Amino acid sequence: MKFVLASHNQNKLKELREILGALGIEIVLQSELGLDLEPEETGETFEENSLIKAKAVMEASGLPAIADDSGLCVDKLGGGPGVYSARYGGPELTDPQRCQLILQTMQGQFPRTCKFVCVVTCCFPDGKVLTARGECPGTVAFTPMGSDGFGYDPIFFVPKLKKTFAQLSAEEKNAVSHRGNALRAFAGELEAYLKENM
Ligand code: IMP
């Protein structure tokens, strides 16, 4: 069975192929099918936004489509920036500037608990929808640490590893990350679905 990933990101494709590889399915990027649509993420939850993306690409391609939506949720910021993580502080900010903005906003604030959340949704042409959520608990660091990764990785401190996401190798991060957890949960759901329907 062929699936399309609602993304242009080669890294996400690689990660998905590694985790879903054992299921014997084919996954292609939407750009490989000539689809350059980028639906507006108008939802207020990760579930809504990943559904918007997966549904749009399923309808445009006629194939089962997989999408994810993720973000950083800081308790002291009422769960923000949450679904607005990519645009926090305005579209012109760089990732390091967004990290600085979180650190400034969190100055003197306790507790510094937060979590990364990722929701993966798969829409099938027959209307079936599979959804899986993964989370990773952490705290907002006091200063950026580490140089790997992207986004908020340098300020996301994982207490049990005593390191930020930006201080972990890709494998170490995948083993505990919100995206790794969501994809592993999704793999289980998809396996059960394929067993019932193939
Ligand atoms: P999206 O799910 O591709 O829309 O990404 C949402 C935003 O959340 C990204 O632009 C990052 O700012 C942030 N984010 C999501 N996952 C991670 C992660 O693993 N590390 C760092 N930042 C992340």
# chains A, B, ... in the order shown; residues from 1 in each chain; ligands from 1
>>> closest_atom_pairs(of="chain A", to="ligand 1", cutoff="8 Å", atoms="only C-alpha atoms and all ligand atoms", output="JSON lines")
{"residue": "A:Asp68", "atom": "CA", "partner": "ligand 1", "partner_atom_place_in_ligand_line": "2 (O)", "distance": 6.0}
{"residue": "A:Asp69", "atom": "CA", "partner": "ligand 1", "partner_atom_place_in_ligand_line": "2 (O)", "distance": 3.6}
{"residue": "A:Ser70", "atom": "CA", "partner": "ligand 1", "partner_atom_place_in_ligand_line": "2 (O)", "distance": 3.6}
{"residue": "A:Gly71", "atom": "CA", "partner": "ligand 1", "partner_atom_place_in_ligand_line": "8 (O)", "distance": 3.6}
{"residue": "A:Leu72", "atom": "CA", "partner": "ligand 1", "partner_atom_place_in_ligand_line": "8 (O)", "distance": 5.9}
{"residue": "A:Gly82", "atom": "CA", "partner": "ligand 1", "partner_atom_place_in_ligand_line": "8 (O)", "distance": 7.6}
{"residue": "A:Val83", "atom": "CA", "partner": "ligand 1", "partner_atom_place_in_ligand_line": "6 (C)", "distance": 7.0}
{"residue": "A:Tyr84", "atom": "CA", "partner": "ligand 1", "partner_atom_place_in_ligand_line": "6 (C)", "distance": 7.4}
{"residue": "A:Ser85", "atom": "CA", "partner": "ligand 1", "partner_atom_place_in_ligand_line": "8 (O)", "distance": 4.6}
{"residue": "A:Ala86", "atom": "CA", "partner": "ligand 1", "partner_atom_place_in_ligand_line": "10 (O)", "distance": 3.7}
{"residue": "A:Arg87", "atom": "CA", "partner": "ligand 1", "partner_atom_place_in_ligand_line": "10 (O)", "distance": 7.4}
{"residue": "A:Asp95", "atom": "CA", "partner": "ligand 1", "partner_atom_place_in_ligand_line": "12 (O)", "distance": 6.9}
{"residue": "A:Phe116", "atom": "CA", "partner": "ligand 1", "partner_atom_place_in_ligand_line": "16 (N)", "distance": 6.7}
{"residue": "A:Val117", "atom": "CA", "partner": "ligand 1", "partner_atom_place_in_ligand_line": "16 (N)", "distance": 7.5}
{"residue": "A:Cys118", "atom": "CA", "partner": "ligand 1", "partner_atom_place_in_ligand_line": "2 (O)", "distance": 7.1}
{"residue": "A:Gly149", "atom": "CA", "partner": "ligand 1", "partner_atom_place_in_ligand_line": "20 (N)", "distance": 6.5}
{"residue": "A:Phe150", "atom": "CA", "partner": "ligand 1", "partner_atom_place_in_ligand_line": "21 (C)", "distance": 5.1}
{"residue": "A:Gly151", "atom": "CA", "partner": "ligand 1", "partner_atom_place_in_ligand_line": "22 (N)", "distance": 3.7}
{"residue": "A:Tyr152", "atom": "CA", "partner": "ligand 1", "partner_atom_place_in_ligand_line": "21 (C)", "distance": 4.0}
{"residue": "A:Asp153", "atom": "CA", "partner": "ligand 1", "partner_atom_place_in_ligand_line": "21 (C)", "distance": 4.3}
{"residue": "A:Pro154", "atom": "CA", "partner": "ligand 1", "partner_atom_place_in_ligand_line": "21 (C)", "distance": 7.9}
{"residue": "A:Phe156", "atom": "CA", "partner": "ligand 1", "partner_atom_place_in_ligand_line": "21 (C)", "distance": 7.8}
{"residue": "A:Phe165", "atom": "CA", "partner": "ligand 1", "partner_atom_place_in_ligand_line": "20 (N)", "distance": 7.1}
{"residue": "A:Ser177", "atom": "CA", "partner": "ligand 1", "partner_atom_place_in_ligand_line": "19 (O)", "distance": 6.9}
{"residue": "A:His178", "atom": "CA", "partner": "ligand 1", "partner_atom_place_in_ligand_line": "19 (O)", "distance": 7.2}
{"residue": "A:Arg179", "atom": "CA", "partner": "ligand 1", "partner_atom_place_in_ligand_line": "19 (O)", "distance": 6.8}
>>> residues_around(residues="Leu77 in chain A", least_positions_apart="6", cutoff="10 Å", atoms="only C-alpha atoms", output="list of chain:residue names")
A:Ile102, A:Thr105, A:Met106, A:Gln109, A:Arg112, A:Cys114
>>> closest_residue(among="A:Val74, A:Cys122, A:Val140, A:Leu103", to="Ala56 in chain A", atoms="only C-alpha atoms")
A:Cys122
>>> atom_distance(atom1="CA of Ala170 in chain A", atom2="CA of Asp148 in chain A")
8.4 Å
>>> residues_around(residues="Val176 in chain A", least_positions_apart="4", cutoff="12 Å", atoms="only C-alpha atoms", output="PyMOL selection string")
chain A and resi 115-117+134-138+158-161+164-165+168-172+180-184
>>> select_by_dssp(residues="range 53-152 of chain A", states="strand (DSSP E or B)", output="ChimeraX atom specification")
/A:65-74,80-81,113-123,129-140
>>> write_last_selection(atoms="C-alpha atoms", output="PDB file, in the first residue's frame")
ATOM      1  CA  ALA A  65      -1.990  10.610   3.740  1.00  0.00           C
ATOM      2  CA  ILE A  66       0.003  11.002   6.953  1.00  0.00           C
ATOM      3  CA  ALA A  67       0.630  14.380   8.638  1.00  0.00           C
ATOM      4  CA  ASP A  68       2.040  15.516  11.950  1.00  0.00           C
ATOM      5  CA  ASP A  69       1.729  18.642  14.027  1.00  0.00           C
ATOM      6  CA  SER A  70       3.897  19.449  16.989  1.00  0.00           C
ATOM      7  CA  GLY A  71       4.939  22.155  19.410  1.00  0.00           C
ATOM      8  CA  LEU A  72       6.245  23.176  22.803  1.00  0.00           C
ATOM      9  CA  CYS A  73       3.745  23.609  25.663  1.00  0.00           C
ATOM     10  CA  VAL A  74       5.015  25.554  28.698  1.00  0.00           C
ATOM     11  CA  GLY A  80       1.782  28.080  25.001  1.00  0.00           C
ATOM     12  CA  PRO A  81       3.205  28.567  22.505  1.00  0.00           C
ATOM     13  CA  THR A 113       7.855  22.457  33.534  1.00  0.00           C
ATOM     14  CA  CYS A 114       6.911  22.016  29.897  1.00  0.00           C
ATOM     15  CA  LYS A 115       6.379  19.294  27.324  1.00  0.00           C
ATOM     16  CA  PHE A 116       6.773  18.705  23.632  1.00  0.00           C
ATOM     17  CA  VAL A 117       3.684  17.284  21.950  1.00  0.00           C
ATOM     18  CA  CYS A 118       3.321  15.623  18.556  1.00  0.00           C
ATOM     19  CA  VAL A 119       0.145  14.311  16.949  1.00  0.00           C
ATOM     20  CA  VAL A 120       0.254  12.083  13.870  1.00  0.00           C
ATOM     21  CA  THR A 121      -2.880  11.669  11.774  1.00  0.00           C
ATOM     22  CA  CYS A 122      -3.508   9.400   8.798  1.00  0.00           C
ATOM     23  CA  CYS A 123      -6.539   9.949   6.558  1.00  0.00           C
ATOM     24  CA  VAL A 129      -8.833   8.314  10.304  1.00  0.00           C
ATOM     25  CA  LEU A 130      -6.021   7.070  12.576  1.00  0.00           C
ATOM     26  CA  THR A 131      -4.533   9.417  15.198  1.00  0.00           C
ATOM     27  CA  ALA A 132      -1.678   8.962  17.647  1.00  0.00           C
ATOM     28  CA  ARG A 133      -0.262  11.413  20.216  1.00  0.00           C
ATOM     29  CA  GLY A 134       3.221  11.429  21.707  1.00  0.00           C
ATOM     30  CA  GLU A 135       4.564  13.632  24.473  1.00  0.00           C
ATOM     31  CA  CYS A 136       7.929  14.241  26.102  1.00  0.00           C
ATOM     32  CA  PRO A 137       8.096  15.993  29.500  1.00  0.00           C
ATOM     33  CA  GLY A 138      10.890  18.457  30.267  1.00  0.00           C
ATOM     34  CA  THR A 139      11.752  21.831  31.755  1.00  0.00           C
ATOM     35  CA  VAL A 140      12.695  25.154  30.202  1.00  0.00           C
TER      36      VAL A 140
END
>>> residues_around(residues="Gln104 in chain A", least_positions_apart="5", cutoff="12 Å", atoms="only C-alpha atoms", output="ChimeraX atom specification")
/A:89,97-99,109,140-144,155
>>> residues_around(residues="Leu190 in chain A", least_positions_apart="4", cutoff="9 Å", atoms="only C-alpha atoms", output="NGL selection string")
:A and (20 or 23 or 122 or 130 or 185-186 or 194-195)
>>> select_by_dssp(residues="chain A", states="helix (DSSP H, G or I)", output="ChimeraX atom specification")
/A:10-23,30-33,46-61,75-77,82-87,95-105,153-155,165-167,170-176,178-197
>>> closest_residue(among="A:Lys76, A:His8, A:Lys14, A:Lys2", to="Gly62 in chain A", atoms="only C-alpha atoms")
A:Lys2
>>> atom_distance(atom1="CA of Phe124 in chain A", atom2="CA of Lys55 in chain A")
8.3 Å
>>> residues_around(residues="Glu40 in chain A", least_positions_apart="2", cutoff="10 Å", atoms="only C-alpha atoms", output="number ranges by chain")
A: 37-38, 42-43, 49, 52-53
>>> atom_distance(atom1="CA of Lys162 in chain A", atom2="CA of Glu15 in chain A")
24.4 Å
>>> residues_around(residues="Phe3 in chain A", least_positions_apart="3", cutoff="9 Å", atoms="only C-alpha atoms", output="NGL selection string")
:A and (25-29 or 63-66)
>>> write_last_selection(atoms="C-alpha atoms", output="PDB file, in the first residue's frame")
ATOM      1  CA  ILE A  25       4.391  -0.021   3.122  1.00  0.00           C
ATOM      2  CA  GLU A  26       5.647   2.538   0.606  1.00  0.00           C
ATOM      3  CA  ILE A  27       5.804   6.194   1.700  1.00  0.00           C
ATOM      4  CA  VAL A  28       6.458   9.155  -0.593  1.00  0.00           C
ATOM      5  CA  LEU A  29       6.691  12.887   0.079  1.00  0.00           C
ATOM      6  CA  LEU A  63      -3.895   8.140  -1.415  1.00  0.00           C
ATOM      7  CA  PRO A  64      -3.813   7.575   2.353  1.00  0.00           C
ATOM      8  CA  ALA A  65      -1.990  10.610   3.740  1.00  0.00           C
ATOM      9  CA  ILE A  66       0.003  11.002   6.953  1.00  0.00           C
TER      10      ILE A  66
END
